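Content type PDB, C-alpha atoms, from the file input_35.pdb:
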```
MODEL        1
ATOM      1  CA  MET A   1     -57.167 -47.058 -10.370
ATOM      2  CA  THR A   2     -55.661 -50.468 -11.127
ATOM      3  CA  LEU A   3     -55.837 -52.989  -8.310
ATOM      4  CA  SER A   4     -53.272 -55.645  -7.515
ATOM      5  CA  GLU A   5     -54.342 -59.286  -7.498
ATOM      6  CA  GLU A   6     -54.475 -59.229  -3.687
ATOM      7  CA  ALA A   7     -56.535 -56.033  -3.620
ATOM      8  CA  THR A   8     -58.965 -57.442  -6.202
ATOM      9  CA  SER A   9     -59.380 -60.597  -4.132
ATOM     10  CA  ARG A  10     -59.962 -58.597  -0.979
ATOM     11  CA  LEU A  11     -62.428 -56.334  -2.747
ATOM     12  CA  ALA A  12     -64.323 -59.480  -3.763
ATOM     13  CA  ASP A  13     -64.473 -60.377  -0.059
ATOM     14  CA  VAL A  14     -65.973 -56.969   0.742
ATOM     15  CA  VAL A  15     -68.602 -57.424  -1.985
ATOM     16  CA  GLU A  16     -69.432 -60.937  -0.794
ATOM     17  CA  LEU A  17     -69.538 -60.223   2.934
ATOM     18  CA  GLN A  18     -71.298 -56.858   2.860
ATOM     19  CA  PRO A  19     -72.589 -55.442   5.055
ATOM     20  CA  THR A  20     -69.592 -56.364   7.166
ATOM     21  CA  LYS A  21     -67.315 -55.142   9.929
ATOM     22  CA  ASN A  22     -63.573 -54.824  10.335
ATOM     23  CA  SER A  23     -63.512 -57.955  12.506
ATOM     24  CA  GLU A  24     -65.032 -60.164   9.782
ATOM     25  CA  LEU A  25     -62.526 -58.908   7.251
ATOM     26  CA  GLN A  26     -59.749 -59.288   9.821
ATOM     27  CA  ASP A  27     -60.623 -62.972  10.158
ATOM     28  CA  ARG A  28     -60.951 -63.484   6.403
ATOM     29  CA  TRP A  29     -57.701 -61.677   5.619
ATOM     30  CA  GLU A  30     -55.819 -63.111   8.615
ATOM     31  CA  MET A  31     -54.814 -59.674   9.851
ATOM     32  CA  GLU A  32     -53.726 -58.780  13.359
ATOM     33  CA  SER A  33     -56.270 -56.056  14.104
ATOM     34  CA  GLY A  34     -59.269 -54.104  12.933
ATOM     35  CA  SER A  35     -56.972 -51.107  12.595
ATOM     36  CA  GLU A  36     -54.887 -53.008  10.067
ATOM     37  CA  VAL A  37     -58.086 -53.745   8.106
ATOM     38  CA  HIS A  38     -59.078 -50.078   8.214
ATOM     39  CA  GLN A  39     -55.638 -49.015   6.969
ATOM     40  CA  TYR A  40     -55.812 -51.524   4.107
ATOM     41  CA  LEU A  41     -59.273 -50.346   3.102
ATOM     42  CA  GLU A  42     -58.201 -46.707   3.148
ATOM     43  CA  ASN A  43     -54.882 -47.273   1.362
ATOM     44  CA  GLU A  44     -55.914 -49.848  -1.241
ATOM     45  CA  LEU A  45     -59.697 -49.845  -1.664
ATOM     46  CA  LYS A  46     -60.770 -46.325  -0.752
ATOM     47  CA  GLU A  47     -62.611 -45.747  -4.039
ATOM     48  CA  TYR A  48     -64.542 -49.015  -3.804
ATOM     49  CA  TYR A  49     -66.111 -49.096  -0.346
ATOM     50  CA  PHE A  50     -68.065 -46.919   2.042
ATOM     51  CA  ARG A  51     -69.533 -47.127   5.521
ATOM     52  CA  ASP A  52     -73.301 -47.020   5.860
ATOM     53  CA  ASP A  53     -75.304 -45.237   8.578
ATOM     54  CA  ASN A  54     -74.489 -48.070  11.005
ATOM     55  CA  SER A  55     -70.740 -47.897  10.201
ATOM     56  CA  LEU A  56     -70.917 -51.211   8.349
ATOM     57  CA  ILE A  57     -68.617 -51.691   5.380
ATOM     58  CA  ARG A  58     -70.295 -51.893   1.972
ATOM     59  CA  ALA A  59     -68.923 -52.085  -1.549
ATOM     60  CA  THR A  60     -69.783 -49.535  -4.203
ATOM     61  CA  SER A  61     -71.713 -50.700  -7.261
ATOM     62  CA  GLU A  62     -68.530 -50.142  -9.279
ATOM     63  CA  ALA A  63     -66.696 -52.560  -6.972
ATOM     64  CA  ALA A  64     -69.285 -55.290  -7.538
ATOM     65  CA  GLU A  65     -68.932 -54.909 -11.305
ATOM     66  CA  LEU A  66     -65.139 -54.837 -11.113
ATOM     67  CA  VAL A  67     -64.746 -58.129  -9.253
ATOM     68  CA  ASP A  68     -67.653 -60.000 -10.838
ATOM     69  CA  VAL A  69     -68.730 -61.508  -7.514
ATOM     70  CA  GLU A  70     -72.335 -61.778  -6.464
ATOM     71  CA  PRO A  71     -73.159 -59.556  -3.499
ATOM     72  CA  GLY A  72     -73.730 -61.239  -0.169
ATOM     73  CA  VAL A  73     -77.209 -59.727   0.074
ATOM     74  CA  GLU A  74     -79.835 -59.110  -2.587
ATOM     75  CA  THR A  75     -83.117 -57.378  -1.860
ATOM     76  CA  ASP A  76     -86.183 -57.285  -4.070
ATOM     77  CA  PRO A  77     -86.109 -53.792  -5.587
ATOM     78  CA  ASP A  78     -89.896 -53.522  -5.109
ATOM     79  CA  SER A  79     -89.651 -54.241  -1.380
ATOM     80  CA  ASP A  80     -88.359 -52.397   1.656
ATOM     81  CA  GLY A  81     -88.297 -55.612   3.681
ATOM     82  CA  PRO A  82     -85.585 -58.144   4.401
ATOM     83  CA  PRO A  83     -83.413 -59.540   1.608
ATOM     84  CA  SER A  84     -84.698 -62.246  -0.699
ATOM     85  CA  ARG A  85     -81.294 -63.812  -1.318
ATOM     86  CA  ILE A  86     -78.101 -64.121   0.738
ATOM     87  CA  ARG A  87     -74.706 -65.739   0.202
ATOM     88  CA  VAL A  88     -73.161 -66.745   3.504
ATOM     89  CA  PRO A  89     -70.596 -69.141   4.966
ATOM     90  CA  GLU A  90     -71.808 -72.687   5.591
ATOM     91  CA  LEU A  91     -72.349 -72.229   9.334
ATOM     92  CA  GLN A  92     -74.630 -69.236   8.729
ATOM     93  CA  ALA A  93     -76.626 -71.215   6.150
ATOM     94  CA  ARG A  94     -77.061 -73.961   8.745
ATOM     95  CA  ILE A  95     -78.168 -71.416  11.344
ATOM     96  CA  VAL A  96     -80.860 -70.163   8.953
ATOM     97  CA  GLU A  97     -82.084 -73.742   8.522
ATOM     98  CA  VAL A  98     -82.618 -74.338  12.246
ATOM     99  CA  LEU A  99     -83.331 -70.903  13.715
ATOM    100  CA  ALA A 100     -86.827 -70.066  14.942
ATOM    101  CA  GLY A 101     -89.029 -68.508  12.288
ATOM    102  CA  PRO A 102     -90.566 -65.031  12.421
ATOM    103  CA  ASP A 103     -93.731 -66.252  14.165
ATOM    104  CA  GLU A 104     -91.919 -68.479  16.673
ATOM    105  CA  GLU A 105     -90.390 -67.655  20.037
ATOM    106  CA  SER A 106     -86.856 -66.323  19.680
ATOM    107  CA  GLU A 107     -84.045 -68.484  21.014
ATOM    108  CA  SER A 108     -80.687 -68.091  22.691
ATOM    109  CA  VAL A 109     -77.271 -68.638  21.157
ATOM    110  CA  VAL A 110     -76.929 -71.858  23.177
ATOM    111  CA  SER A 111     -80.264 -73.143  21.870
ATOM    112  CA  VAL A 112     -79.206 -72.429  18.275
ATOM    113  CA  LEU A 113     -75.811 -74.035  18.947
ATOM    114  CA  HIS A 114     -77.458 -77.274  20.098
ATOM    115  CA  LYS A 115     -79.856 -77.287  17.154
ATOM    116  CA  VAL A 116     -76.967 -76.853  14.688
ATOM    117  CA  ARG A 117     -74.977 -79.620  16.392
ATOM    118  CA  ASP A 118     -77.964 -81.991  16.394
ATOM    119  CA  ALA A 119     -79.067 -81.275  12.831
ATOM    120  CA  PHE A 120     -75.676 -81.345  11.113
ATOM    121  CA  ASP A 121     -73.381 -83.421  13.361
ATOM    122  CA  VAL A 122     -70.873 -80.554  13.569
ATOM    123  CA  ASP A 123     -69.311 -78.905  16.596
ATOM    124  CA  PRO A 124     -69.078 -75.122  16.212
ATOM    125  CA  THR A 125     -68.267 -73.021  19.246
ATOM    126  CA  ALA A 126     -70.843 -70.806  20.914
ATOM    127  CA  GLU A 127     -68.804 -67.805  19.798
ATOM    128  CA  ASP A 128     -68.932 -68.973  16.160
ATOM    129  CA  VAL A 129     -72.722 -69.293  16.393
ATOM    130  CA  ARG A 130     -73.030 -65.892  18.118
ATOM    131  CA  SER A 131     -70.876 -64.311  15.424
ATOM    132  CA  GLY A 132     -72.943 -66.007  12.706
ATOM    133  CA  LEU A 133     -76.188 -64.775  14.234
ATOM    134  CA  GLN A 134     -74.851 -61.221  14.447
ATOM    135  CA  SER A 135     -73.696 -61.347  10.830
ATOM    136  CA  LEU A 136     -77.150 -62.555   9.759
ATOM    137  CA  ARG A 137     -78.633 -59.755  11.845
ATOM    138  CA  ARG A 138     -76.570 -57.196   9.924
ATOM    139  CA  LYS A 139     -77.973 -58.720   6.728
ATOM    140  CA  ASP A 140     -81.498 -58.093   8.102
ATOM    141  CA  VAL A 141     -82.578 -61.746   8.060
ATOM    142  CA  VAL A 142     -82.319 -62.241  11.824
ATOM    143  CA  GLU A 143     -83.668 -60.053  14.599
ATOM    144  CA  VAL A 144     -82.685 -59.966  18.242
ATOM    145  CA  GLU A 145     -85.034 -59.795  21.183
ATOM    146  CA  TYR A 146     -83.553 -58.910  24.530
ATOM    147  CA  ARG A 147     -84.865 -60.989  27.391
ATOM    148  CA  THR A 148     -82.665 -62.381  30.166
ATOM    149  CA  VAL A 149     -80.157 -63.037  27.387
ATOM    150  CA  PRO A 150     -80.282 -61.901  23.759
ATOM    151  CA  THR A 151     -82.466 -64.235  21.708
ATOM    152  CA  PHE A 152     -82.812 -64.520  17.944
ATOM    153  CA  ARG A 153     -85.301 -65.450  15.228
ATOM    154  CA  LEU A 154     -85.593 -65.054  11.473
ATOM    155  CA  THR A 155     -87.212 -61.918  10.103
ATOM    156  CA  VAL A 156     -88.314 -63.674   6.934
ATOM    157  CA  LEU A 157     -89.986 -67.000   6.164
ATOM    158  CA  ARG A 158     -87.463 -69.637   5.077
ATOM    159  CA  GLU A 159     -89.366 -70.245   1.849
ATOM    160  CA  ASP A 160     -89.034 -66.539   0.989
ATOM    161  CA  LEU A 161     -85.247 -66.540   1.413
ATOM    162  CA  GLU A 162     -82.787 -68.113  -0.976
ATOM    163  CA  VAL A 163     -79.582 -69.026   0.860
ATOM    164  CA  SER A 164     -76.421 -70.065  -0.945
ATOM    165  CA  VAL A 165     -73.120 -71.023   0.616
ATOM    166  CA  ALA A 166     -70.152 -68.818  -0.203
ATOM    167  CA  ASP A 167     -66.780 -70.472  -0.733
TER     168      ASP A 167
ENDMDL
END
```
Take the structure from the file and write it as structure tokens.
Amino acid sequence: MTLSEEATSRLADVVELQPTKNSELQDRWEMESGSEVHQYLENELKEYYFRDDNSLIRATSEAAELVDVEPGVETDPDSDGPPSRIRVPELQARIVEVLAGPDEESESVVSVLHKVRDAFDVDPTAEDVRSGLQSLRRKDVVEVEYRTVPTFRLTVLREDLEVSVAD
């Protein structure tokens, strides 16, 4: 199956963002709805993606080779633990830098928001930080603990995780 230039570019997004959800692709592709994303995936990229046990969108190994883009998550093949390398948007990389470590008390979205603002002199919204935390959670580098509000911490030591910023 030969892909158009647009389909190849969008397949590269799937490879880079995996594991991902319709809503992340909707934002990236500037589509109106998750249904529109689903239709595009089924009509244009059906052979190159699948949904895992948690219904998250993942690219096939053939897709990764086809687009020559590094996957968003790489795990040590000798380990069942969290990934050793991730490629994420800049805000998510900043979250990893300031978020409580695996042996520290988990923290709320608002706490992480303030730490990001203080450390980087940027002004993301609470929703952007929440979304970033949830994306990192899907990549298995952040865990959630439910207290009065959901709180988050890293699942891996910072020094054991290589983080690069995706374009």
Across A:Arg153, A:Arg28, A:Arg10, A:Arg158, the smallest distance to Tyr49 (chain A), with all atoms listed in the file counted, is shown by A:Arg10
All residues 12 Å or closer to Phe50 (chain A), only C-alpha atoms, same chain fewer than 2 positions away omitted, as a list of chain:residue names |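 Once the nearby chain positions are removed, what remains is A:Leu11, A:Val14, A:Val15, A:Gln18, A:Pro19, A:Thr20, A:Lys21, A:His38, A:Leu41, A:Glu42, A:Leu45, A:Lys46, A:Glu47, A:Tyr48, A:Asp52, A:Asp53, A:Asn54, A:Ser55, A:Leu56, A:Ile57, A:Arg58, A:Ala59, A:Thr60, A:Ser61, A:Glu62, A:Ala63.
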What does the distance between CA of Ala100 (chain A) and CA of Asn22 (chain A) come to in Å, to one decimal place?
->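 Distance reported for this atom pair: 28.2 Å.
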Residues returned when the PyMOL selection byres ((chain A and resi 107) around 6) runs on this file, as a list in words |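 The output of the PyMOL selection byres ((chain A and resi 107) around 6) on this file is Ser106, Ser108, Thr151 and Phe152 of chain A.
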Would you write out those residues with C-alpha atoms, as a short mmCIF file (atom, residue, chain, number, x, y, z; two decimals), in the coordinates of the input?
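Full text of selection-v2.cif as output:
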```cif
data_model
loop_
_atom_site.label_atom_id
_atom_site.label_comp_id
_atom_site.auth_asym_id
_atom_site.auth_seq_id
_atom_site.Cartn_x
_atom_site.Cartn_y
_atom_site.Cartn_z
CA SER A 106 -86.86 -66.32 19.68
CA SER A 108 -80.69 -68.09 22.69
CA THR A 151 -82.47 -64.24 21.71
CA PHE A 152 -82.81 -64.52 17.94
#
```
By how many Å are CA of Leu17 (chain A) and CA of Leu3 (chain A) apart?
->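 Answer for the CA of Leu17 (chain A) to CA of Leu3 (chain A) separation: 19.1 Å.
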Selected residue of minimal separation from Ser131 (chain A) among A:Val149, A:Val112, A:Val98, A:Val37, counting all atoms listed in the file = A:Val112
Contacts of Arg87 (chain A) at 9 Å (only C-alpha atoms; same-chain gap of 6+ positions) as a PyMOL selection string = chain A and resi 16-17+70-74+93+162-166
Closest atom pairs, region 11-94 of chain A residues within 10 Å of region 115-121 of chain A, all atoms listed in the file, as JSON lines:
```
{"residue": "A:Leu91", "atom": "CA", "partner": "A:Val116", "partner_atom": "CA", "distance": 8.4}
{"residue": "A:Gln92", "atom": "CA", "partner": "A:Val116", "partner_atom": "CA", "distance": 9.9}
{"residue": "A:Arg94", "atom": "CA", "partner": "A:Val116", "partner_atom": "CA", "distance": 6.6}
```
Go through A:Glu44, A:Glu145, A:Glu104, A:Glu30 and flag the residue nearest Thr2 (chain A), using all atoms listed in the file for the distances.
->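 Of all the options, A:Glu44 lies closest to Thr2 (chain A).
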Spatial neighbours of Val141 (chain A), max dist 10 Å, all atoms listed in the file, sep filter under 5 positions, as a short mmCIF file (atom, residue, chain, number, x, y, z; two decimals) with C-alpha atoms, in the coordinates of the input:
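Okay, result03.cif is ready:
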```cif
data_model
loop_
_atom_site.label_atom_id
_atom_site.label_comp_id
_atom_site.auth_asym_id
_atom_site.auth_seq_id
_atom_site.Cartn_x
_atom_site.Cartn_y
_atom_site.Cartn_z
CA VAL A 73 -77.21 -59.73 0.07
CA GLY A 81 -88.30 -55.61 3.68
CA PRO A 82 -85.58 -58.14 4.40
CA PRO A 83 -83.41 -59.54 1.61
CA SER A 84 -84.70 -62.25 -0.70
CA ARG A 85 -81.29 -63.81 -1.32
CA ILE A 86 -78.10 -64.12 0.74
CA VAL A 96 -80.86 -70.16 8.95
CA PRO A 102 -90.57 -65.03 12.42
CA LEU A 133 -76.19 -64.78 14.23
CA SER A 135 -73.70 -61.35 10.83
CA LEU A 136 -77.15 -62.56 9.76
CA ARG A 153 -85.30 -65.45 15.23
CA LEU A 154 -85.59 -65.05 11.47
CA THR A 155 -87.21 -61.92 10.10
CA VAL A 156 -88.31 -63.67 6.93
CA LEU A 157 -89.99 -67.00 6.16
CA ARG A 158 -87.46 -69.64 5.08
CA LEU A 161 -85.25 -66.54 1.41
#
```
So what do you get for CA of Arg138 (chain A) versus CA of Asp123 (chain A), distance-wise?
-> 23.8 Å
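Compared by their closest atoms to Gln134 (chain A), and using all atoms listed in the file, the residues A:Thr8, A:Ser111, A:Gln39, A:Ser23 rank with A:Ser23 nearest.
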Missing atoms of region 8-20 of chain A rebuilt to N, CA and C atoms, written as a tab-separated table (two decimals), in the coordinates of the input:
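Saved to part-v3.tsv:
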```
chain	number	residue	atom	x	y	z
A	8	THR	N	-57.76	-56.98	-5.50
A	8	THR	CA	-58.96	-57.44	-6.20
A	8	THR	C	-59.63	-58.57	-5.44
A	9	SER	N	-58.84	-59.49	-4.92
A	9	SER	CA	-59.38	-60.60	-4.13
A	9	SER	C	-60.04	-60.09	-2.86
A	10	ARG	N	-59.40	-59.14	-2.22
A	10	ARG	CA	-59.96	-58.60	-0.98
A	10	ARG	C	-61.21	-57.76	-1.26
A	11	LEU	N	-61.23	-57.08	-2.37
A	11	LEU	CA	-62.43	-56.33	-2.75
A	11	LEU	C	-63.59	-57.30	-2.98
A	12	ALA	N	-63.30	-58.44	-3.57
A	12	ALA	CA	-64.32	-59.48	-3.76
A	12	ALA	C	-64.88	-59.93	-2.42
A	13	ASP	N	-64.01	-60.02	-1.41
A	13	ASP	CA	-64.47	-60.38	-0.06
A	13	ASP	C	-65.43	-59.32	0.49
A	14	VAL	N	-65.11	-58.06	0.27
A	14	VAL	CA	-65.97	-56.97	0.74
A	14	VAL	C	-67.34	-57.07	0.07
A	15	VAL	N	-67.34	-57.30	-1.25
A	15	VAL	CA	-68.60	-57.42	-1.98
A	15	VAL	C	-69.41	-58.60	-1.45
A	16	GLU	N	-68.75	-59.72	-1.24
A	16	GLU	CA	-69.43	-60.94	-0.79
A	16	GLU	C	-69.95	-60.84	0.63
A	17	LEU	N	-69.18	-60.24	1.51
A	17	LEU	CA	-69.54	-60.22	2.93
A	17	LEU	C	-70.42	-59.04	3.33
A	18	GLN	N	-70.56	-58.06	2.48
A	18	GLN	CA	-71.30	-56.86	2.86
A	18	GLN	C	-72.73	-57.16	3.27
A	19	PRO	N	-73.28	-56.41	4.21
A	19	PRO	CA	-72.59	-55.44	5.06
A	19	PRO	C	-71.72	-56.17	6.07
A	20	THR	N	-70.54	-55.67	6.30
A	20	THR	CA	-69.59	-56.36	7.17
A	20	THR	C	-68.89	-55.38	8.09
```
